[in-house]
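What's in entry.pdb: PDB, C-alpha atoms, pLDDT in the B column
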ATOM      1  CA  MET A  56       9.099 -63.883 -28.856  1.00 96.00           C
ATOM      2  CA  LYS A  57       7.520 -60.886 -27.149  1.00 97.00           C
ATOM      3  CA  ILE A  58       3.703 -60.726 -27.273  1.00 98.00           C
ATOM      4  CA  LEU A  59       1.906 -57.526 -26.226  1.00 98.00           C
ATOM      5  CA  PHE A  60      -1.790 -57.074 -25.409  1.00 98.00           C
ATOM      6  CA  PHE A  61      -3.671 -53.796 -25.377  1.00 98.00           C
ATOM      7  CA  GLY A  62      -7.014 -52.307 -24.391  1.00 98.00           C
ATOM      8  CA  ASN A  63      -9.838 -54.536 -23.283  1.00 97.00           C
ATOM      9  CA  LEU A  64      -7.863 -57.635 -24.291  1.00 98.00           C
ATOM     10  CA  ARG A  65      -5.069 -56.708 -21.842  1.00 98.00           C
ATOM     11  CA  GLU A  66      -7.649 -56.456 -19.048  1.00 97.00           C
ATOM     12  CA  GLN A  67      -9.368 -59.729 -19.982  1.00 97.00           C
ATOM     13  CA  LEU A  68      -6.053 -61.599 -19.954  1.00 97.00           C
ATOM     14  CA  GLY A  69      -4.731 -59.814 -16.874  1.00 96.00           C
ATOM     15  CA  THR A  70      -1.372 -59.136 -18.538  1.00 97.00           C
ATOM     16  CA  GLY A  71       0.063 -56.673 -21.019  1.00 98.00           C
ATOM     17  CA  GLU A  72       3.078 -58.668 -22.097  1.00 98.00           C
ATOM     18  CA  ILE A  73       4.369 -62.229 -22.203  1.00 98.00           C
ATOM     19  CA  GLU A  74       7.589 -63.727 -23.505  1.00 97.00           C
ATOM     20  CA  LEU A  75       7.451 -67.086 -25.266  1.00 94.00           C
ATOM     21  CA  PRO A  76       9.789 -69.138 -27.409  1.00 94.00           C
ATOM     22  CA  LEU A  77       8.240 -69.661 -30.824  1.00 92.00           C
ATOM     23  CA  ALA A  78       7.077 -73.281 -30.678  1.00 90.00           C
ATOM     24  CA  PRO A  79       7.524 -75.698 -33.590  1.00 90.00           C
ATOM     25  CA  GLY A  80       4.323 -75.754 -35.622  1.00 90.00           C
ATOM     26  CA  THR A  81       3.551 -72.110 -34.841  1.00 94.00           C
ATOM     27  CA  ASN A  82       4.334 -70.422 -38.123  1.00 96.00           C
ATOM     28  CA  ASN A  83       1.823 -67.599 -38.349  1.00 97.00           C
ATOM     29  CA  ILE A  84      -0.542 -65.429 -36.314  1.00 97.00           C
ATOM     30  CA  ALA A  85      -3.485 -67.836 -36.665  1.00 97.00           C
ATOM     31  CA  GLU A  86      -1.389 -70.683 -35.232  1.00 97.00           C
ATOM     32  CA  LEU A  87      -0.054 -68.451 -32.461  1.00 97.00           C
ATOM     33  CA  LEU A  88      -3.626 -67.548 -31.483  1.00 97.00           C
ATOM     34  CA  GLU A  89      -4.543 -71.252 -31.313  1.00 96.00           C
ATOM     35  CA  ALA A  90      -1.504 -71.952 -29.119  1.00 96.00           C
ATOM     36  CA  LEU A  91      -2.323 -69.052 -26.778  1.00 97.00           C
ATOM     37  CA  LYS A  92      -5.916 -70.257 -26.388  1.00 97.00           C
ATOM     38  CA  GLN A  93      -4.562 -73.380 -24.677  1.00 96.00           C
ATOM     39  CA  ARG A  94      -3.416 -71.251 -21.729  1.00 95.00           C
ATOM     40  CA  GLY A  95      -6.858 -71.269 -20.061  1.00 95.00           C
ATOM     41  CA  SER A  96     -10.516 -70.417 -20.398  1.00 95.00           C
ATOM     42  CA  GLU A  97      -9.954 -66.621 -20.225  1.00 95.00           C
ATOM     43  CA  TRP A  98      -7.463 -66.909 -23.080  1.00 97.00           C
ATOM     44  CA  GLN A  99      -9.756 -69.196 -25.056  1.00 97.00           C
ATOM     45  CA  GLN A 100     -12.612 -66.720 -24.728  1.00 96.00           C
ATOM     46  CA  ALA A 101     -10.727 -63.453 -25.175  1.00 97.00           C
ATOM     47  CA  LEU A 102      -8.721 -64.598 -28.198  1.00 97.00           C
ATOM     48  CA  SER A 103     -11.710 -66.029 -30.065  1.00 95.00           C
ATOM     49  CA  ALA A 104     -13.053 -62.612 -31.089  1.00 92.00           C
ATOM     50  CA  GLY A 105     -12.922 -62.401 -34.880  1.00 91.00           C
ATOM     51  CA  SER A 106     -12.506 -58.621 -34.678  1.00 94.00           C
ATOM     52  CA  LEU A 107      -9.123 -58.959 -32.930  1.00 96.00           C
ATOM     53  CA  LEU A 108      -6.331 -57.097 -34.721  1.00 97.00           C
ATOM     54  CA  CYS A 109      -2.638 -57.925 -34.753  1.00 97.00           C
ATOM     55  CA  ALA A 110       0.660 -56.257 -35.505  1.00 98.00           C
ATOM     56  CA  VAL A 111       4.073 -57.773 -36.104  1.00 98.00           C
ATOM     57  CA  ASN A 112       7.060 -55.544 -35.354  1.00 97.00           C
ATOM     58  CA  GLN A 113       4.699 -52.578 -34.981  1.00 97.00           C
ATOM     59  CA  THR A 114       3.137 -52.980 -38.430  1.00 95.00           C
ATOM     60  CA  MET A 115      -0.439 -54.157 -38.950  1.00 95.00           C
ATOM     61  CA  ALA A 116      -0.524 -57.854 -39.822  1.00 97.00           C
ATOM     62  CA  THR A 117      -3.065 -60.534 -40.725  1.00 97.00           C
ATOM     63  CA  ARG A 118      -3.810 -64.057 -39.537  1.00 97.00           C
ATOM     64  CA  ASP A 119      -1.476 -65.527 -42.170  1.00 97.00           C
ATOM     65  CA  THR A 120       1.507 -63.250 -41.433  1.00 98.00           C
ATOM     66  CA  LEU A 121       4.553 -65.477 -40.854  1.00 98.00           C
ATOM     67  CA  LEU A 122       6.423 -65.267 -37.544  1.00 97.00           C
ATOM     68  CA  GLU A 123      10.018 -65.464 -36.381  1.00 96.00           C
ATOM     69  CA  ASP A 124      11.254 -65.889 -32.825  1.00 95.00           C
ATOM     70  CA  SER A 125      12.728 -62.376 -32.774  1.00 96.00           C
ATOM     71  CA  ASP A 126       9.374 -60.744 -33.655  1.00 97.00           C
ATOM     72  CA  GLU A 127       7.374 -58.419 -31.437  1.00 98.00           C
ATOM     73  CA  VAL A 128       3.736 -59.424 -31.828  1.00 98.00           C
ATOM     74  CA  ALA A 129       0.837 -57.322 -30.568  1.00 98.00           C
ATOM     75  CA  LEU A 130      -2.802 -58.370 -30.249  1.00 98.00           C
ATOM     76  CA  PHE A 131      -5.560 -55.841 -29.627  1.00 98.00           C
ATOM     77  CA  PRO A 132      -9.224 -54.962 -30.188  1.00 98.00           C
ATOM     78  CA  PRO A 133     -10.290 -52.572 -32.987  1.00 97.00           C
ATOM     79  CA  VAL A 134      -8.751 -49.154 -32.386  1.00 97.00           C
ATOM     80  CA  THR A 135     -10.758 -46.192 -31.047  1.00 97.00           C
ATOM     81  CA  GLY A 136      -8.510 -43.142 -31.207  1.00 97.00           C
ATOM     82  CA  GLY A 137      -9.183 -39.715 -32.617  1.00 95.00           C
TER
ATOM     83  CA  MET B 239       7.036 -31.549 -43.848  1.00 94.00           C
ATOM     84  CA  ILE B 240       5.318 -34.020 -41.542  1.00 97.00           C
ATOM     85  CA  THR B 241       5.279 -33.385 -37.780  1.00 98.00           C
ATOM     86  CA  ILE B 242       3.842 -36.011 -35.414  1.00 98.00           C
ATOM     87  CA  ALA B 243       3.425 -35.729 -31.638  1.00 98.00           C
ATOM     88  CA  VAL B 244       1.907 -38.222 -29.187  1.00 98.00           C
ATOM     89  CA  GLN B 245       1.797 -36.618 -25.761  1.00 98.00           C
ATOM     90  CA  ALA B 246      -0.028 -36.400 -22.430  1.00 98.00           C
ATOM     91  CA  ALA B 247       0.206 -32.600 -22.399  1.00 98.00           C
ATOM     92  CA  ASP B 248      -2.436 -30.336 -23.910  1.00 98.00           C
ATOM     93  CA  PHE B 249      -1.694 -28.493 -27.158  1.00 98.00           C
ATOM     94  CA  ASP B 250      -2.255 -24.910 -28.273  1.00 98.00           C
ATOM     95  CA  THR B 251      -4.324 -24.848 -31.465  1.00 97.00           C
ATOM     96  CA  GLY B 252      -3.233 -21.290 -32.248  1.00 97.00           C
ATOM     97  CA  GLN B 253       0.404 -22.241 -31.904  1.00 97.00           C
ATOM     98  CA  GLU B 254      -0.113 -25.267 -34.173  1.00 97.00           C
ATOM     99  CA  ILE B 255      -1.701 -23.067 -36.851  1.00 97.00           C
ATOM    100  CA  ARG B 256       1.104 -20.522 -36.579  1.00 96.00           C
ATOM    101  CA  GLN B 257       3.595 -23.360 -37.139  1.00 96.00           C
ATOM    102  CA  LEU B 258       1.727 -24.231 -40.349  1.00 96.00           C
ATOM    103  CA  GLN B 259       1.856 -20.604 -41.465  1.00 94.00           C
ATOM    104  CA  ALA B 260       5.500 -20.276 -40.421  1.00 85.00           C
ATOM    105  CA  ASP B 261       7.267 -17.705 -42.577  1.00 77.00           C
ATOM    106  CA  ARG B 262       6.035 -19.143 -45.832  1.00 87.00           C
ATOM    107  CA  THR B 263       4.326 -17.186 -48.574  1.00 92.00           C
ATOM    108  CA  ASP B 264       3.275 -20.168 -50.708  1.00 94.00           C
ATOM    109  CA  VAL B 265       0.564 -21.420 -48.331  1.00 95.00           C
ATOM    110  CA  GLY B 266      -2.854 -20.638 -49.770  1.00 95.00           C
ATOM    111  CA  GLY B 267      -4.974 -22.460 -47.225  1.00 96.00           C
ATOM    112  CA  ILE B 268      -4.843 -24.350 -43.949  1.00 97.00           C
ATOM    113  CA  ALA B 269      -7.493 -26.876 -42.881  1.00 98.00           C
ATOM    114  CA  ILE B 270      -7.597 -28.041 -39.286  1.00 98.00           C
ATOM    115  CA  PHE B 271      -9.599 -30.480 -37.203  1.00 98.00           C
ATOM    116  CA  THR B 272      -9.605 -30.719 -33.444  1.00 98.00           C
ATOM    117  CA  GLY B 273     -11.390 -33.483 -31.560  1.00 98.00           C
ATOM    118  CA  GLN B 274     -12.320 -33.312 -27.914  1.00 97.00           C
ATOM    119  CA  VAL B 275     -13.746 -35.482 -25.143  1.00 97.00           C
ATOM    120  CA  ARG B 276     -17.547 -35.315 -25.166  1.00 95.00           C
ATOM    121  CA  ASP B 277     -19.952 -36.195 -22.409  1.00 94.00           C
ATOM    122  CA  THR B 278     -23.131 -37.145 -24.263  1.00 91.00           C
ATOM    123  CA  GLY B 279     -23.793 -40.709 -23.121  1.00 87.00           C
ATOM    124  CA  ASP B 280     -26.460 -42.052 -20.790  1.00 90.00           C
ATOM    125  CA  LYS B 281     -24.114 -41.892 -17.809  1.00 95.00           C
ATOM    126  CA  PRO B 282     -22.221 -38.702 -16.830  1.00 97.00           C
ATOM    127  CA  LEU B 283     -18.560 -39.075 -17.761  1.00 98.00           C
ATOM    128  CA  GLY B 284     -15.880 -38.559 -15.134  1.00 98.00           C
ATOM    129  CA  PHE B 285     -12.875 -38.901 -17.419  1.00 98.00           C
ATOM    130  CA  MET B 286     -11.566 -40.840 -20.381  1.00 98.00           C
ATOM    131  CA  HIS B 287      -8.317 -42.818 -20.448  1.00 98.00           C
ATOM    132  CA  LEU B 288      -6.445 -43.091 -23.740  1.00 98.00           C
ATOM    133  CA  GLU B 289      -4.148 -46.096 -24.018  1.00 98.00           C
ATOM    134  CA  HIS B 290      -1.744 -46.527 -26.941  1.00 98.00           C
ATOM    135  CA  TYR B 291       1.017 -48.735 -28.335  1.00 98.00           C
ATOM    136  CA  PRO B 292       4.221 -46.697 -27.897  1.00 97.00           C
ATOM    137  CA  GLY B 293       6.337 -46.783 -31.039  1.00 96.00           C
ATOM    138  CA  MET B 294       3.683 -48.194 -33.321  1.00 98.00           C
ATOM    139  CA  THR B 295       1.406 -45.213 -32.653  1.00 98.00           C
ATOM    140  CA  GLU B 296       3.943 -42.722 -33.970  1.00 98.00           C
ATOM    141  CA  ALA B 297       4.781 -44.956 -36.959  1.00 97.00           C
ATOM    142  CA  SER B 298       1.102 -45.393 -37.795  1.00 97.00           C
ATOM    143  CA  LEU B 299       0.412 -41.639 -37.713  1.00 98.00           C
ATOM    144  CA  GLN B 300       3.498 -41.050 -39.861  1.00 98.00           C
ATOM    145  CA  GLN B 301       2.231 -43.569 -42.444  1.00 97.00           C
ATOM    146  CA  THR B 302      -1.203 -41.953 -42.466  1.00 98.00           C
ATOM    147  CA  ALA B 303       0.382 -38.543 -43.093  1.00 98.00           C
ATOM    148  CA  GLU B 304       2.611 -39.956 -45.836  1.00 98.00           C
ATOM    149  CA  GLN B 305      -0.402 -41.441 -47.606  1.00 97.00           C
ATOM    150  CA  ALA B 306      -2.092 -38.035 -47.520  1.00 98.00           C
ATOM    151  CA  ALA B 307       1.059 -36.380 -48.880  1.00 98.00           C
ATOM    152  CA  GLN B 308       1.141 -38.855 -51.770  1.00 97.00           C
ATOM    153  CA  ARG B 309      -2.477 -38.198 -52.607  1.00 97.00           C
ATOM    154  CA  TRP B 310      -2.688 -34.416 -52.463  1.00 97.00           C
ATOM    155  CA  PRO B 311      -0.235 -31.571 -53.094  1.00 97.00           C
ATOM    156  CA  LEU B 312       0.423 -30.590 -49.489  1.00 97.00           C
ATOM    157  CA  ILE B 313       3.008 -28.333 -47.904  1.00 97.00           C
ATOM    158  CA  ASP B 314       2.943 -29.303 -44.221  1.00 97.00           C
ATOM    159  CA  ILE B 315       1.057 -31.827 -42.075  1.00 98.00           C
ATOM    160  CA  ARG B 316       0.871 -31.636 -38.277  1.00 98.00           C
ATOM    161  CA  ILE B 317      -0.768 -34.315 -36.127  1.00 98.00           C
ATOM    162  CA  VAL B 318      -0.933 -34.117 -32.327  1.00 98.00           C
ATOM    163  CA  HIS B 319      -2.684 -36.885 -30.371  1.00 98.00           C
ATOM    164  CA  ARG B 320      -2.989 -36.941 -26.597  1.00 98.00           C
ATOM    165  CA  ILE B 321      -2.795 -39.977 -24.307  1.00 98.00           C
ATOM    166  CA  GLY B 322      -3.552 -40.596 -20.636  1.00 98.00           C
ATOM    167  CA  ASP B 323      -6.476 -39.283 -18.584  1.00 98.00           C
ATOM    168  CA  LEU B 324      -8.623 -36.594 -20.214  1.00 98.00           C
ATOM    169  CA  LEU B 325     -11.646 -34.729 -18.860  1.00 98.00           C
ATOM    170  CA  PRO B 326     -14.862 -33.896 -20.730  1.00 98.00           C
ATOM    171  CA  GLY B 327     -14.129 -30.887 -22.935  1.00 97.00           C
ATOM    172  CA  ASP B 328     -10.393 -31.637 -23.101  1.00 98.00           C
ATOM    173  CA  GLN B 329      -8.754 -31.649 -26.507  1.00 98.00           C
ATOM    174  CA  ILE B 330      -7.736 -35.105 -27.821  1.00 98.00           C
ATOM    175  CA  VAL B 331      -6.441 -34.634 -31.335  1.00 98.00           C
ATOM    176  CA  PHE B 332      -5.239 -31.935 -33.714  1.00 98.00           C
ATOM    177  CA  VAL B 333      -4.800 -32.398 -37.458  1.00 98.00           C
ATOM    178  CA  GLY B 334      -3.596 -29.442 -39.529  1.00 98.00           C
ATOM    179  CA  VAL B 335      -2.759 -29.419 -43.211  1.00 98.00           C
ATOM    180  CA  SER B 336      -1.457 -26.609 -45.395  1.00 98.00           C
ATOM    181  CA  SER B 337      -1.571 -26.450 -49.173  1.00 97.00           C
ATOM    182  CA  ILE B 338      -1.582 -24.000 -52.047  1.00 96.00           C
ATOM    183  CA  HIS B 339      -5.349 -24.477 -52.519  1.00 94.00           C
ATOM    184  CA  ARG B 340      -8.153 -25.272 -50.101  1.00 95.00           C
ATOM    185  CA  GLU B 341      -9.494 -28.411 -51.795  1.00 96.00           C
ATOM    186  CA  ALA B 342      -6.364 -30.429 -51.094  1.00 97.00           C
ATOM    187  CA  ALA B 343      -6.224 -29.128 -47.516  1.00 98.00           C
ATOM    188  CA  PHE B 344      -9.880 -29.944 -46.775  1.00 98.00           C
ATOM    189  CA  ASN B 345      -9.654 -33.414 -48.307  1.00 97.00           C
ATOM    190  CA  ALA B 346      -6.338 -34.334 -46.724  1.00 98.00           C
ATOM    191  CA  CYS B 347      -7.476 -33.213 -43.272  1.00 98.00           C
ATOM    192  CA  GLU B 348     -10.604 -35.356 -43.486  1.00 98.00           C
ATOM    193  CA  PHE B 349      -8.683 -38.331 -44.908  1.00 98.00           C
ATOM    194  CA  ILE B 350      -6.124 -38.166 -42.089  1.00 98.00           C
ATOM    195  CA  MET B 351      -8.833 -38.196 -39.422  1.00 98.00           C
ATOM    196  CA  ASP B 352     -10.724 -41.074 -41.083  1.00 97.00           C
ATOM    197  CA  HIS B 353      -7.530 -43.089 -41.532  1.00 97.00           C
ATOM    198  CA  LEU B 354      -6.249 -42.334 -38.022  1.00 97.00           C
ATOM    199  CA  LYS B 355      -9.508 -43.438 -36.402  1.00 97.00           C
ATOM    200  CA  THR B 356      -9.336 -46.839 -38.091  1.00 94.00           C
ATOM    201  CA  HIS B 357      -5.561 -47.477 -38.012  1.00 95.00           C
ATOM    202  CA  ALA B 358      -3.700 -45.719 -35.181  1.00 97.00           C
ATOM    203  CA  PRO B 359      -3.348 -47.990 -32.115  1.00 98.00           C
ATOM    204  CA  PHE B 360      -5.269 -46.008 -29.498  1.00 98.00           C
ATOM    205  CA  TRP B 361      -7.954 -47.373 -27.186  1.00 98.00           C
ATOM    206  CA  LYS B 362     -10.390 -45.270 -25.154  1.00 98.00           C
ATOM    207  CA  LYS B 363     -11.853 -46.303 -21.822  1.00 98.00           C
ATOM    208  CA  GLU B 364     -14.587 -44.253 -20.198  1.00 97.00           C
ATOM    209  CA  TYR B 365     -14.761 -43.840 -16.422  1.00 98.00           C
ATOM    210  CA  TYR B 366     -18.217 -42.691 -15.366  1.00 98.00           C
ATOM    211  CA  ARG B 367     -19.049 -40.607 -12.336  1.00 97.00           C
ATOM    212  CA  ASP B 368     -21.060 -43.483 -10.828  1.00 97.00           C
ATOM    213  CA  GLY B 369     -17.852 -45.550 -10.622  1.00 97.00           C
ATOM    214  CA  SER B 370     -18.534 -47.850 -13.576  1.00 98.00           C
ATOM    215  CA  THR B 371     -16.253 -48.128 -16.625  1.00 98.00           C
ATOM    216  CA  GLN B 372     -16.604 -49.060 -20.285  1.00 97.00           C
ATOM    217  CA  TRP B 373     -14.166 -49.558 -23.155  1.00 97.00           C
ATOM    218  CA  VAL B 374     -15.289 -47.538 -26.171  1.00 96.00           C
ATOM    219  CA  GLU B 375     -16.385 -49.805 -29.033  1.00 94.00           C
ATOM    220  CA  ALA B 376     -15.078 -49.232 -32.550  1.00 92.00           C
ATOM    221  CA  LYS B 377     -17.807 -47.958 -34.852  1.00 90.00           C
ATOM    222  CA  ASN B 378     -18.732 -49.452 -38.230  1.00 90.00           C
ATOM    223  CA  THR B 379     -19.474 -45.933 -39.450  1.00 93.00           C
ATOM    224  CA  ASP B 380     -15.794 -45.059 -38.963  1.00 92.00           C
ATOM    225  CA  GLN B 381     -14.793 -48.051 -41.113  1.00 91.00           C
ATOM    226  CA  GLN B 382     -17.319 -46.996 -43.766  1.00 93.00           C
ATOM    227  CA  ARG B 383     -16.084 -43.409 -43.760  1.00 93.00           C
ATOM    228  CA  ASN B 384     -12.510 -44.593 -44.223  1.00 92.00           C
ATOM    229  CA  ALA B 385     -13.499 -47.041 -46.989  1.00 92.00           C
ATOM    230  CA  ARG B 386     -14.859 -44.143 -49.069  1.00 93.00           C
ATOM    231  CA  TRP B 387     -11.286 -42.997 -49.647  1.00 93.00           C
ATOM    232  CA  ASP B 388     -10.427 -46.336 -51.278  1.00 88.00           C
ATOM    233  CA  GLN B 389     -13.320 -45.953 -53.688  1.00 79.00           C
ATOM    234  CA  HIS B 390     -12.543 -42.538 -55.157  1.00 62.00           C
ATOM    235  CA  ASN B 391      -8.832 -42.523 -55.764  1.00 53.00           C
TER
END

Please express what this file holds, its structure, as structure tokens.
Amino acid sequence: MKILFFGNLREQLGTGEIELPLAPGTNNIAELLEALKQRGSEWQQALSAGSLLCAVNQTMATRDTLLEDSDEVALFPPVTGG
Amino acid sequence: MITIAVQAADFDTGQEIRQLQADRTDVGGIAIFTGQVRDTGDKPLGFMHLEHYPGMTEASLQQTAEQAAQRWPLIDIRIVHRIGDLLPGDQIVFVGVSSIHREAAFNACEFIMDHLKTHAPFWKKEYYRDGSTQWVEAKNTDQQRNARWDQHN
């Protein structure tokens, strides 16, 4: 699974993209976030923001959106375009 | 017709309006909005960087335009949004909408901007002249403005 990070979150994590196999027990975005938080204190802190938004296959998603290994997931702060 | 562009290059507002006029005789009104980089904060702004999510950005703007087209009787919609490094005074975004009557054009133009600001995956980072930087925070007022459109269908 490809996971992309944008904006301030990308800077906090020090990476814009990681590739991970979808682990057993990780069925949705909420569970993916919990798994990613185990990667270190920066991850724990940066991914705890309740305002964090997510997209699955380039469509806005929610914490309970189900995941498949072939998905492209993106995590990012609230958008500020326009 | 819906036309979407996400680009680093500047755009020509006059040219965009002429595209909306085209050779049609059924257009009664065109409403446009252009947004630009402002330098009104406490610290003088050097430049602003606009990051985006390639692919999703274009799809998101397309969906916003389609929602507007479902809601109002529109003829054409054009959205141009710039990315990359922009200086104070530079243009960021163009939204232009043509319709038979002005009410639909005014409303759709405002709806598209409100929806774009709360949905399209862009992130602004400000680089100040003193060397410091700051990611622009999303505003609650933008969420509230967009929520108004859900209330009066």

Residues of chain A within 8 Å of chain B, counting all atoms listed in the file, what are they? List them as a list of chain:residue names.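 For chain A, the answer reads A:Phe61, A:Gly62, A:Asn63, A:Gln113, A:Thr114, A:Pro133, A:Val134, A:Thr135, A:Gly136, A:Gly137.
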
Which one of A:Asp119, A:Ser106, A:Ile58, A:Ile84 sits closest to Glu72 in chain A if you count only C-alpha atoms? A:Ile58

Around the point (8.4, -69.5, -34.3) in the file's coordinates, collect all residues with an atom within 6 Å, using only C-alpha atoms, and return them as a PyMOL selection string. chain A and resi 77-78+81-82+122-124

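Comparing A:Ala104, A:Ala110, A:Leu130, A:Ala85 by their smallest distance to Thr70 in chain A, the closest is A:Leu130 (using all atoms listed in the file).
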
Got a sec to resolve the PyMOL selection byres ((chain B and resi 303) around 12) on this structure and send the residues as a ChimeraX atom specification? /B:239-242,296-302,304-310,312-318,333-335,346-354,357-358

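Within the file as shown, the PyMOL selection byres ((chain A and resi 108) around 6) identifies Leu107, Cys109, Leu130, Phe131 and Pro132 of chain A.
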
Coordinates-based distance that separates CA of Pro282 in chain B from CA of Tyr365 in chain B (Å, one decimal): 9.1 Å

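In this structure, CA of Lys57 in chain A sits 8.3 Å away from CA of Ala129 in chain A.
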
Set the distance at 10 Å and use all atoms listed in the file: which residues neighbour Asp250 in chain B once local chain neighbours fewer than 5 positions away are removed? I'd like the list as a ChimeraX atom specification. /B:255-256,329,332

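Proximity ranking of B:Ala385, B:His287, B:Gly266, B:Asp328 relative to Phe249 in chain B places B:Asp328 first, based on all atoms listed in the file.
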
Nearest to Thr263 in chain B, chosen from B:Gly327, B:Asp280, B:Ser337, B:Ala243, with all atoms listed in the file counted in the distances: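 Closest residue, counting all atoms listed in the file: B:Ser337.
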
As lines of an AutoDock Vina configuration file, please report the centre and edge lengths, rounded to one decimal in Å, of the axis-aligned box that holds all listed atoms of range 385-388 of chain B with 4 Å of padding on each of the six sides.
center_x = -12.6
center_y = -45.0
center_z = -49.1
size_x = 12.4
size_y = 12.0
size_z = 12.3
